[in-house]
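*Asks:* Take a look at the following structure, please.
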Number of protein chains: 2
Amino acid sequence: MSFELIILGSSSALPTSKRSTAAHLLNMNERFFLIDCGEGTQIQLRRFRLSPARINHIFISHLHGDHVFGLFGMISSLGLMGRKAILNLYGPTALEEMIRVHLGFSGTLPFELRFHVAQEKQVIYQDSKTEVIPVRLKHRAETFGYLFREKPRLLNVDKAKIEEYGLGVADIKNIKEGRDHLLEDGTVVPNASLTLPPIRQRSYAYISDTAYLPGIAEQIRGVDLLFHEATFLEKDLGLANQTLHSTARQAALVAKAAGAGKLLLGHFSTRYKSDELFLEEARAEFPESVAVNDGDRFTVEQRRVQRD
Amino acid sequence: MSFELIILGSSSALPTSKRSTAAHLLNMNERFFLIDCGEGTQIQLRRFRLSPARINHIFISHLHGDHVFGLFGMISSLGLMGRKAILNLYGPTALEEMIRVHLGFSGTLPFELRFHVAQEKQVIYQDSKTEVIPVRLKHRAETFGYLFREKPRLLNVDKAKIEEYGLGVADIKNIKEGRDHLLEDGTVVPNASLTLPPIRQRSYAYISDTAYLPGIAEQIRGVDLLFHEATFLEKDLGLANQTLHSTARQAALVAKAAGAGKLLLGHFSTRYKSDELFLEEARAEFPESVAVNDGDRFTVEQRRVQRD
């Protein structure tokens with residue numbers, strides 16, 4: 001059961017020779033979620049040998065070009081490749097108008113586009129294993145981050161206990177759902193003694209672009225992987241405030257407050273020559289910080305909760 | 001005095017890991033003309049270390065995505081880089097509407113966009129050294145090729161002759177413009193005996209996308225470099241006819257009829273694994289054929305006409 005994030009583009013507004021504009025691909029149990037789609041995203045997918053045909057869901061944070069200019073080419077290419085499956089697009093209200101106007105110039109598609117408008121904290125996507133929840137951000141256009149997380153799973157019943165207590169189908173169903181087991185003599189066998197420790201729900205939060213918003217930590221508490229934009233360094237805090245972007249230190253403060261597993265930093269302004277200073281600044285607040293590059297992959301392993 | 005063509009993107013509709021979508025950069029005497037602007041063109045410019053800031057004129061053949069989806073990002077990035085100079089855009093009628101609608105989503109620019117509508121055989125751009133003439137093509141949208149050529153230059157007067165005939169400023173001006181010289185005794189000294197052989201006018205024709213149009217050979221007669229789309233091989237002539245594209249053989253027939261110096265083939269359909277068959281097919285009709293790749297550069301040297 002895979003949980004892998006692939007960085008397709010890690011630049012801010014201007015692409016560089018090494019960094020493409022914003023796009024992440026998240027593989028959750030072989031469902032592929034594309035998150036933002038800057039210019040060249042379809043080319044990055046090919047470069048990293050990832051199939052655009054497997055993407056059925058695209059989440060857009062906001063309509064600034066470096067997050068969305070790759071959508072037209074992506075949609076157009078999927079049409080040329082003969083796609084038939086519905087393509088779902090999630091994002092701010094104006095996304096549908098932008099895409100529809102655009103398609104007016106390039107003709108009909110052989111597949112349906114289905115639009116879903118993001119609303120703060122309202123589940124925008126779910127299937128049996130996964131749910132996605134928008135996080136309202138503060139930027140110069142309507143902007144959402146997204147929290148991707150696994151749904152809780154049924155517990156695994158310890159096979160030895162099935163025999164020991166002679167558990168039937170109905171008993172097992174109850175225990176899988178977390179209930180304790182009542183013996184005929186009235187003794188209660190606690191659920192935890194009948195089941196394996198539960199499997200942790202893995203999660204990824206994509207936070208870009210935004211002014212410093214300490215309040216979002218609550219919404220993404222315990223997230224395994226947190227991508228948080230870090231356009232500026234703290235010495236340019238004035239610029240960050242003015243353009244509604246964050247500094248590396250602010251990103252780290254959010255990661256710390258959220259108790260994140262790992263902080264991924266990106267969206268660095270091209271005014272800085274290297275990402276070393278971003279790392280140094282973030283690690284002072286949150287040691288588990290990394291600066292991402294195009295092509296980087298981050299995996300969250302499946303593991304069970306530690307029981308005392 | 002440079003005359004260099006740089007291939008930025010050589011794919012057809014679908015970009016591949018090796019080929020970006022359509023874009024050529026032509027450097028004529030340090031004026032930089034961008035011709036078509038498929039997705040990722042700004043990234044290709046950076047990759048080949050070419051400055052987008054030096055481009056003041058962009059020519060668009062037609063509004064299919066693989067020729068125009070890079071314009072939004074290019075324009076947006078030029079704005080972010082603080083451009084002040086006018087950016088001139090040349091193309092079919094609907095180009096302005098497409099761009100204006102788009103800019104409505106992404107805010108104001110710090111520079112002016114100036115649109116120029118292409119019309120068949122009407123000079124669409126000129127300066128003291130250069131002129132550009134649209135070539136009407138036949139495709140599924142309104143489409144133009146473009147012929148870029150140097151204007152004729154004034155002749156260079158042979159310095160030895162100035163002394164020999166005691167030529168004055170007015171005489172020299174007349175001779176530079178091609179007139180013969182009349183001596184006081186009535187003798188006519190032919191212009192050719194007073195001047196160096198004239199410098200050839202160099203030219204480049206960009207022909208994409210189009211059904212086979214033998215008639216365009218007349219309009220681009222004697223062109224030094226001819227890029228002609230070759231989406232299909234002759235074995236798929238039916239597909240070429242149906243989609244209004246050309247085969248490699250048809251491109252070669254145009255080059256032969258035009259007496260071109262060199263034929264550059266590109267825009268190959270991704271259905272073919274290699275460009276070898278395109279080359280073979282074209283060279284049977286026109287030996288000076290090459291298949292282009294992203295990053296290829298083609299130079300036309302300045303030289304004088306051979307006088308008998």
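Here, A, B, ... name the chains of the structure tokens in the order displayed, residue numbers run from 1 inside each chain, and ligands are numbered from 1 in the same displayed order.
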Quick one: residues within 12 Å of B:Ala160, only C-alpha atoms, excluding same-chain residues fewer than 3 positions away - as a list in words?

*Replies:*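 Listed by chain and then number, they are Asn156, Val157, Glu163, Glu164, Tyr165, Gly166, Leu167, Ser193, Leu194, Thr195 and Leu196 of chain B.
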
*Asks:* Could those residues be written to a file, using N, CA and C atoms, as a compact mmCIF listing (two decimals), in the first residue's frame?

*Replies:*
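Final output, saved to out.txt:
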```
# COMPACT_ATOMS: atom_id res chain seq x y z
N ASN B 156 28.72 48.06 -51.79
CA ASN B 156 30.00 48.62 -51.32
C ASN B 156 30.80 49.07 -52.53
N VAL B 157 31.21 50.32 -52.52
CA VAL B 157 32.00 50.85 -53.63
C VAL B 157 33.46 50.44 -53.45
N GLU B 163 39.27 56.56 -56.04
CA GLU B 163 40.46 57.33 -56.38
C GLU B 163 40.61 57.44 -57.91
N GLU B 164 40.46 56.32 -58.55
CA GLU B 164 40.68 56.27 -60.01
C GLU B 164 39.79 57.26 -60.75
N TYR B 165 38.50 57.32 -60.33
CA TYR B 165 37.57 58.21 -61.05
C TYR B 165 37.31 59.52 -60.31
N GLY B 166 37.97 59.70 -59.14
CA GLY B 166 37.75 60.92 -58.37
C GLY B 166 36.29 61.11 -57.99
N LEU B 167 35.72 60.04 -57.44
CA LEU B 167 34.27 60.07 -57.15
C LEU B 167 33.96 60.96 -55.95
N SER B 193 31.40 47.32 -62.27
CA SER B 193 32.85 47.46 -62.30
C SER B 193 33.33 48.43 -61.21
N LEU B 194 32.38 49.06 -60.52
CA LEU B 194 32.73 50.03 -59.47
C LEU B 194 32.49 49.50 -58.06
N THR B 195 31.75 48.42 -58.00
CA THR B 195 31.31 47.93 -56.68
C THR B 195 31.78 46.49 -56.45
N LEU B 196 31.78 46.13 -55.16
CA LEU B 196 32.01 44.73 -54.80
C LEU B 196 30.72 43.96 -55.10
```

*Asks:* Over every C-alpha pair, in sequence order, do a least-squares fit of chain A onto chain B and save the fitted chain as a CSV table (one decimal) with C-alpha atoms, in the first residue's frame.

*Replies:*
```csv
chain,number,residue,atom,x,y,z
A,1,MET,CA,26.1,40.1,-38.6
A,2,SER,CA,24.5,36.9,-37.3
A,3,PHE,CA,21.8,34.8,-38.9
A,4,GLU,CA,21.1,31.9,-36.6
A,5,LEU,CA,18.0,29.7,-36.1
A,6,ILE,CA,17.7,27.8,-32.8
A,7,ILE,CA,15.2,25.0,-32.5
A,8,LEU,CA,13.5,25.2,-29.1
A,9,GLY,CA,10.9,22.6,-29.6
A,10,SER,CA,10.6,20.1,-32.4
A,11,SER,CA,7.7,17.8,-31.4
A,12,SER,CA,4.2,17.7,-32.9
A,13,ALA,CA,1.1,17.9,-30.7
A,14,LEU,CA,2.4,15.7,-27.9
A,15,PRO,CA,5.6,16.7,-26.2
A,16,THR,CA,8.0,13.8,-25.6
A,17,SER,CA,10.9,13.4,-23.1
A,18,LYS,CA,13.2,14.6,-25.8
A,19,ARG,CA,11.2,17.1,-27.8
A,20,SER,CA,9.3,20.1,-26.6
A,21,THR,CA,6.3,21.5,-28.6
A,22,ALA,CA,6.8,24.1,-31.4
A,23,ALA,CA,9.1,27.0,-30.9
A,24,HIS,CA,11.9,28.5,-32.9
A,25,LEU,CA,14.2,31.4,-32.1
A,26,LEU,CA,15.7,33.3,-35.0
A,27,ASN,CA,18.5,35.7,-34.4
A,28,MET,CA,18.8,38.1,-37.4
A,29,ASN,CA,21.6,40.6,-36.7
A,30,GLU,CA,20.9,40.5,-33.0
A,31,ARG,CA,17.2,41.0,-33.3
A,32,PHE,CA,15.5,38.0,-31.8
A,33,PHE,CA,12.3,36.7,-33.3
A,34,LEU,CA,10.4,33.9,-31.4
A,35,ILE,CA,8.3,31.8,-33.8
A,36,ASP,CA,5.5,29.8,-32.1
A,37,CYS,CA,5.5,29.3,-28.4
A,38,GLY,CA,4.4,25.8,-27.3
A,39,GLU,CA,4.2,24.9,-23.6
A,40,GLY,CA,7.6,25.0,-22.0
A,41,THR,CA,9.1,27.5,-24.4
A,42,GLN,CA,10.3,29.8,-21.6
A,43,ILE,CA,11.9,26.7,-19.9
A,44,GLN,CA,13.6,25.8,-23.2
A,45,LEU,CA,15.0,29.3,-23.5
A,46,ARG,CA,16.5,29.0,-20.0
A,47,ARG,CA,17.8,25.5,-20.8
A,48,PHE,CA,19.7,26.8,-23.9
A,49,ARG,CA,20.8,30.0,-22.0
A,50,LEU,CA,18.9,32.4,-24.2
A,51,SER,CA,17.4,35.5,-22.6
A,52,PRO,CA,13.6,35.9,-23.0
A,53,ALA,CA,14.1,39.6,-22.2
A,54,ARG,CA,15.7,40.1,-25.6
A,55,ILE,CA,12.6,39.0,-27.5
A,56,ASN,CA,10.4,41.9,-28.6
A,57,HIS,CA,8.6,40.1,-31.4
A,58,ILE,CA,6.6,36.8,-31.2
A,59,PHE,CA,5.1,35.3,-34.3
A,60,ILE,CA,2.3,32.7,-33.9
A,61,SER,CA,1.3,30.4,-36.7
A,62,HIS,CA,-2.0,29.3,-35.3
A,63,LEU,CA,-3.9,28.8,-32.1
A,64,HIS,CA,-3.6,25.0,-31.6
A,65,GLY,CA,-2.2,24.4,-28.1
A,66,ASP,CA,1.1,22.9,-29.1
A,67,HIS,CA,2.0,26.2,-30.8
A,68,VAL,CA,0.7,28.7,-28.3
A,69,PHE,CA,0.2,27.2,-24.8
A,70,GLY,CA,3.6,28.6,-23.7
A,71,LEU,CA,2.6,32.2,-24.4
A,72,PHE,CA,0.7,32.7,-21.1
A,73,GLY,CA,3.7,31.6,-19.0
A,74,MET,CA,6.1,33.6,-21.1
A,75,ILE,CA,4.1,36.8,-20.9
A,76,SER,CA,3.5,36.3,-17.2
A,77,SER,CA,7.2,35.7,-16.5
A,78,LEU,CA,8.3,38.7,-18.5
A,79,GLY,CA,6.0,40.8,-16.3
A,80,LEU,CA,7.4,39.3,-13.2
A,81,MET,CA,10.9,40.1,-14.4
A,82,GLY,CA,9.9,43.7,-14.6
A,83,ARG,CA,9.7,44.1,-18.4
A,84,LYS,CA,8.8,47.6,-19.6
A,85,ALA,CA,9.3,47.4,-23.3
A,86,ILE,CA,6.4,46.7,-25.7
A,87,LEU,CA,6.0,43.1,-26.7
A,88,ASN,CA,4.7,42.7,-30.2
A,89,LEU,CA,2.6,39.6,-31.1
A,90,TYR,CA,1.9,38.6,-34.7
A,91,GLY,CA,-0.6,36.0,-35.7
A,92,PRO,CA,-4.1,35.0,-36.7
A,93,THR,CA,-7.1,37.3,-35.9
A,94,ALA,CA,-8.2,35.4,-32.8
A,95,LEU,CA,-4.8,35.6,-31.0
A,96,GLU,CA,-5.6,38.9,-29.3
A,97,GLU,CA,-8.9,37.7,-27.9
A,98,MET,CA,-7.3,34.5,-26.6
A,99,ILE,CA,-4.6,36.4,-24.8
A,100,ARG,CA,-6.8,39.2,-23.5
A,101,VAL,CA,-9.3,36.7,-22.1
A,102,HIS,CA,-6.5,34.9,-20.4
A,103,LEU,CA,-4.9,37.9,-18.9
A,104,GLY,CA,-8.3,38.7,-17.3
A,105,PHE,CA,-7.5,35.8,-14.9
A,106,SER,CA,-4.0,36.8,-14.0
A,107,GLY,CA,-4.0,40.6,-13.6
A,108,THR,CA,-2.2,43.5,-15.2
A,109,LEU,CA,1.1,43.5,-16.9
A,110,PRO,CA,3.8,46.2,-16.4
A,111,PHE,CA,4.3,46.4,-20.2
A,112,GLU,CA,2.2,46.8,-23.3
A,113,LEU,CA,1.2,44.0,-25.6
A,114,ARG,CA,0.7,45.1,-29.2
A,115,PHE,CA,-1.1,42.8,-31.6
A,116,HIS,CA,-0.6,42.6,-35.3
A,117,VAL,CA,-3.0,40.5,-37.5
A,118,ALA,CA,-1.3,38.4,-40.2
A,119,GLN,CA,-2.5,38.8,-43.8
A,120,GLU,CA,-1.3,36.8,-46.7
A,121,LYS,CA,1.8,38.3,-48.4
A,122,GLN,CA,1.4,41.6,-46.6
A,123,VAL,CA,4.7,42.7,-44.8
A,124,ILE,CA,3.8,42.3,-41.2
A,125,TYR,CA,7.1,43.5,-39.7
A,126,GLN,CA,10.0,45.5,-41.0
A,127,ASP,CA,13.0,47.5,-39.8
A,128,SER,CA,16.0,48.9,-41.6
A,129,LYS,CA,17.5,45.4,-42.2
A,130,THR,CA,14.6,42.9,-42.1
A,131,GLU,CA,11.2,42.1,-43.3
A,132,VAL,CA,8.7,39.4,-42.4
A,133,ILE,CA,5.9,38.2,-44.7
A,134,PRO,CA,3.1,35.8,-43.8
A,135,VAL,CA,2.5,32.8,-46.0
A,136,ARG,CA,-1.0,31.5,-45.9
A,137,LEU,CA,-1.2,27.8,-45.0
A,138,LYS,CA,-4.0,25.2,-45.1
A,139,HIS,CA,-4.8,23.7,-41.7
A,140,ARG,CA,-7.7,23.0,-39.4
A,141,ALA,CA,-7.4,26.6,-37.9
A,142,GLU,CA,-6.4,29.9,-39.6
A,143,THR,CA,-2.7,29.3,-40.0
A,144,PHE,CA,0.3,31.3,-41.4
A,145,GLY,CA,3.9,30.5,-42.0
A,146,TYR,CA,6.4,33.3,-42.0
A,147,LEU,CA,9.2,34.3,-44.3
A,148,PHE,CA,12.0,36.2,-42.6
A,149,ARG,CA,14.4,37.9,-45.0
A,150,GLU,CA,17.1,40.5,-45.0
A,151,LYS,CA,16.4,43.7,-47.0
A,152,PRO,CA,18.7,44.5,-49.9
A,153,ARG,CA,21.8,46.5,-48.8
A,154,LEU,CA,23.5,49.4,-50.4
A,155,LEU,CA,26.4,48.2,-52.6
A,156,ASN,CA,30.0,48.6,-51.4
A,157,VAL,CA,32.0,50.8,-53.7
A,158,ASP,CA,35.5,49.5,-54.6
A,159,LYS,CA,37.9,52.0,-52.9
A,160,ALA,CA,40.4,51.8,-55.8
A,161,LYS,CA,37.8,53.0,-58.2
A,162,ILE,CA,37.0,56.1,-56.1
A,163,GLU,CA,40.6,57.2,-56.6
A,164,GLU,CA,40.7,56.1,-60.2
A,165,TYR,CA,37.6,58.1,-61.3
A,166,GLY,CA,37.9,60.9,-58.6
A,167,LEU,CA,34.4,60.0,-57.4
A,168,GLY,CA,32.6,62.6,-55.2
A,169,VAL,CA,30.0,62.1,-52.4
A,170,ALA,CA,27.0,62.4,-54.8
A,171,ASP,CA,28.6,59.9,-57.3
A,172,ILE,CA,29.3,57.4,-54.5
A,173,LYS,CA,25.7,57.6,-53.2
A,174,ASN,CA,24.4,56.9,-56.8
A,175,ILE,CA,26.8,54.0,-57.3
A,176,LYS,CA,25.9,52.5,-53.8
A,177,GLU,CA,22.3,52.5,-55.0
A,178,GLY,CA,23.2,50.6,-58.1
A,179,ARG,CA,23.5,53.2,-60.8
A,180,ASP,CA,26.2,53.3,-63.5
A,181,HIS,CA,28.6,56.2,-63.5
A,182,LEU,CA,28.8,58.7,-66.4
A,183,LEU,CA,32.3,60.1,-67.2
A,184,GLU,CA,32.6,63.7,-68.5
A,185,ASP,CA,33.5,62.4,-72.0
A,186,GLY,CA,30.2,60.5,-72.0
A,187,THR,CA,31.6,57.1,-71.3
A,188,VAL,CA,29.4,54.9,-69.1
A,189,VAL,CA,31.2,52.9,-66.4
A,190,PRO,CA,28.9,50.0,-65.5
A,191,ASN,CA,28.0,49.8,-61.8
A,192,ALA,CA,29.3,46.2,-61.6
A,193,SER,CA,32.8,47.4,-62.4
A,194,LEU,CA,32.8,50.0,-59.6
A,195,THR,CA,31.3,47.9,-56.8
A,196,LEU,CA,32.0,44.7,-54.8
A,197,PRO,CA,29.6,41.9,-55.6
A,198,PRO,CA,26.4,42.5,-53.5
A,199,ILE,CA,25.8,40.8,-50.2
A,200,ARG,CA,23.2,38.1,-50.5
A,201,GLN,CA,19.9,38.6,-48.6
A,202,ARG,CA,19.6,35.7,-46.2
A,203,SER,CA,16.2,34.2,-45.4
A,204,TYR,CA,14.3,31.7,-43.3
A,205,ALA,CA,10.9,30.3,-43.9
A,206,TYR,CA,8.8,28.7,-41.2
A,207,ILE,CA,6.1,26.5,-42.6
A,208,SER,CA,3.9,24.7,-40.0
A,209,ASP,CA,1.3,23.2,-39.8
A,210,THR,CA,-0.2,22.6,-43.3
A,211,ALA,CA,-1.5,20.3,-45.9
A,212,TYR,CA,0.8,19.9,-48.9
A,213,LEU,CA,0.7,23.3,-50.7
A,214,PRO,CA,3.0,23.3,-53.7
A,215,GLY,CA,2.0,26.9,-54.5
A,216,ILE,CA,4.0,28.3,-51.6
A,217,ALA,CA,7.3,27.4,-53.3
A,218,GLU,CA,6.8,30.5,-55.4
A,219,GLN,CA,6.5,32.8,-52.4
A,220,ILE,CA,9.7,31.4,-50.6
A,221,ARG,CA,11.8,31.0,-53.8
A,222,GLY,CA,15.6,30.8,-53.0
A,223,VAL,CA,15.1,30.7,-49.2
A,224,ASP,CA,18.3,29.7,-47.4
A,225,LEU,CA,16.7,27.7,-44.6
A,226,LEU,CA,13.2,26.2,-44.9
A,227,PHE,CA,11.6,24.6,-41.9
A,228,HIS,CA,8.6,22.5,-43.2
A,229,GLU,CA,6.5,20.4,-41.0
A,230,ALA,CA,6.6,16.6,-41.7
A,231,THR,CA,4.0,15.1,-39.4
A,232,PHE,CA,3.7,11.9,-41.3
A,233,LEU,CA,5.4,9.5,-43.7
A,234,GLU,CA,4.1,9.0,-47.2
A,235,LYS,CA,2.7,5.6,-46.1
A,236,ASP,CA,0.3,7.5,-43.9
A,237,LEU,CA,-0.7,10.0,-46.7
A,238,GLY,CA,-4.3,9.3,-45.9
A,239,LEU,CA,-3.9,10.6,-42.4
A,240,ALA,CA,-1.9,13.6,-43.6
A,241,ASN,CA,-4.7,14.5,-46.0
A,242,GLN,CA,-7.4,13.9,-43.3
A,243,THR,CA,-5.7,16.1,-40.6
A,244,LEU,CA,-4.3,18.7,-43.0
A,245,HIS,CA,-0.7,17.9,-42.3
A,246,SER,CA,2.3,17.1,-44.7
A,247,THR,CA,4.5,14.1,-45.3
A,248,ALA,CA,8.3,14.2,-45.3
A,249,ARG,CA,8.2,13.7,-49.1
A,250,GLN,CA,5.8,16.6,-49.6
A,251,ALA,CA,8.0,18.8,-47.5
A,252,ALA,CA,10.9,17.8,-49.7
A,253,LEU,CA,8.9,18.6,-52.9
A,254,VAL,CA,8.2,22.1,-51.6
A,255,ALA,CA,12.0,22.6,-50.8
A,256,LYS,CA,12.9,21.3,-54.3
A,257,ALA,CA,10.4,23.5,-56.1
A,258,ALA,CA,11.5,26.5,-54.0
A,259,GLY,CA,15.2,25.9,-54.6
A,260,ALA,CA,15.8,26.1,-50.9
A,261,GLY,CA,19.3,25.9,-49.5
A,262,LYS,CA,18.5,23.5,-46.7
A,263,LEU,CA,15.3,21.7,-45.6
A,264,LEU,CA,14.7,21.3,-41.8
A,265,LEU,CA,12.2,18.7,-41.0
A,266,GLY,CA,10.2,18.5,-37.7
A,267,HIS,CA,6.8,18.2,-36.1
A,268,PHE,CA,7.0,14.4,-36.4
A,269,SER,CA,4.1,12.5,-35.1
A,270,THR,CA,4.9,10.5,-31.9
A,271,ARG,CA,3.6,7.4,-33.7
A,272,TYR,CA,7.0,6.9,-35.3
A,273,LYS,CA,9.9,5.6,-33.2
A,274,SER,CA,12.7,7.3,-35.1
A,275,ASP,CA,13.3,10.2,-37.5
A,276,GLU,CA,15.4,8.0,-39.9
A,277,LEU,CA,12.5,7.2,-42.2
A,278,PHE,CA,11.6,10.9,-42.5
A,279,LEU,CA,15.1,11.7,-43.5
A,280,GLU,CA,15.3,8.8,-46.0
A,281,GLU,CA,12.0,9.8,-47.6
A,282,ALA,CA,12.9,13.5,-47.8
A,283,ARG,CA,16.4,13.0,-49.1
A,284,ALA,CA,15.1,10.9,-52.1
A,285,GLU,CA,13.6,14.2,-53.3
A,286,PHE,CA,15.8,16.8,-51.7
A,287,PRO,CA,19.3,15.7,-50.5
A,288,GLU,CA,19.9,18.7,-48.3
A,289,SER,CA,17.3,17.6,-45.7
A,290,VAL,CA,17.9,17.4,-41.9
A,291,ALA,CA,15.7,16.2,-39.1
A,292,VAL,CA,15.8,18.8,-36.3
A,293,ASN,CA,16.1,18.3,-32.5
A,294,ASP,CA,15.6,20.6,-29.6
A,295,GLY,CA,18.7,22.7,-29.2
A,296,ASP,CA,19.9,22.4,-32.8
A,297,ARG,CA,21.4,25.6,-34.3
A,298,PHE,CA,21.6,26.5,-38.0
A,299,THR,CA,23.6,29.4,-39.3
A,300,VAL,CA,23.6,31.1,-42.6
A,301,GLU,CA,26.9,32.8,-43.4
A,302,GLN,CA,27.0,36.2,-44.9
A,303,ARG,CA,28.4,36.0,-48.4
A,304,ARG,CA,28.5,38.0,-51.7
A,305,VAL,CA,26.7,37.1,-54.8
A,306,GLN,CA,29.0,35.4,-57.4
A,307,ARG,CA,29.4,37.6,-60.4
A,308,ASP,CA,30.3,36.0,-63.7
```

*Asks:* Just the strand (DSSP E) stuff from stretch 173-263 of chain B, please, per backbone DSSP, written as a ChimeraX atom specification.

*Replies:* /B:181-182,188-189,203-207,225-229,262-263

*Asks:* With C-alpha atoms retained, write the just-selected residues as a short mmCIF file (atom, residue, chain, number, x, y, z; two decimals), in the first residue's frame.

*Replies:*
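Resulting contents of selection-v2.cif:
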```
data_model
loop_
_atom_site.label_atom_id
_atom_site.label_comp_id
_atom_site.auth_asym_id
_atom_site.auth_seq_id
_atom_site.Cartn_x
_atom_site.Cartn_y
_atom_site.Cartn_z
CA HIS B 181 28.59 56.24 -63.39
CA LEU B 182 28.75 58.77 -66.22
CA VAL B 188 29.30 55.01 -68.96
CA VAL B 189 31.16 53.03 -66.29
CA SER B 203 16.21 34.18 -45.49
CA TYR B 204 14.34 31.65 -43.38
CA ALA B 205 10.85 30.29 -43.97
CA TYR B 206 8.81 28.64 -41.20
CA ILE B 207 6.06 26.43 -42.66
CA LEU B 225 16.66 27.64 -44.62
CA LEU B 226 13.23 26.12 -44.95
CA PHE B 227 11.54 24.55 -41.96
CA HIS B 228 8.62 22.51 -43.22
CA GLU B 229 6.42 20.36 -40.98
CA LYS B 262 18.47 23.39 -46.71
CA LEU B 263 15.30 21.68 -45.56
#
```

*Asks:* Where in stretch 84-152 of chain A does DSSP assign alpha helix (DSSP H), given as a list in words?

*Replies:*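 Residues meeting the alpha helix (DSSP H) criterion: Leu95, Glu96, Glu97, Met98, Ile99, Arg100, Val101, His102, Leu103, Gly104, Phe105 and Ser106 of chain A.
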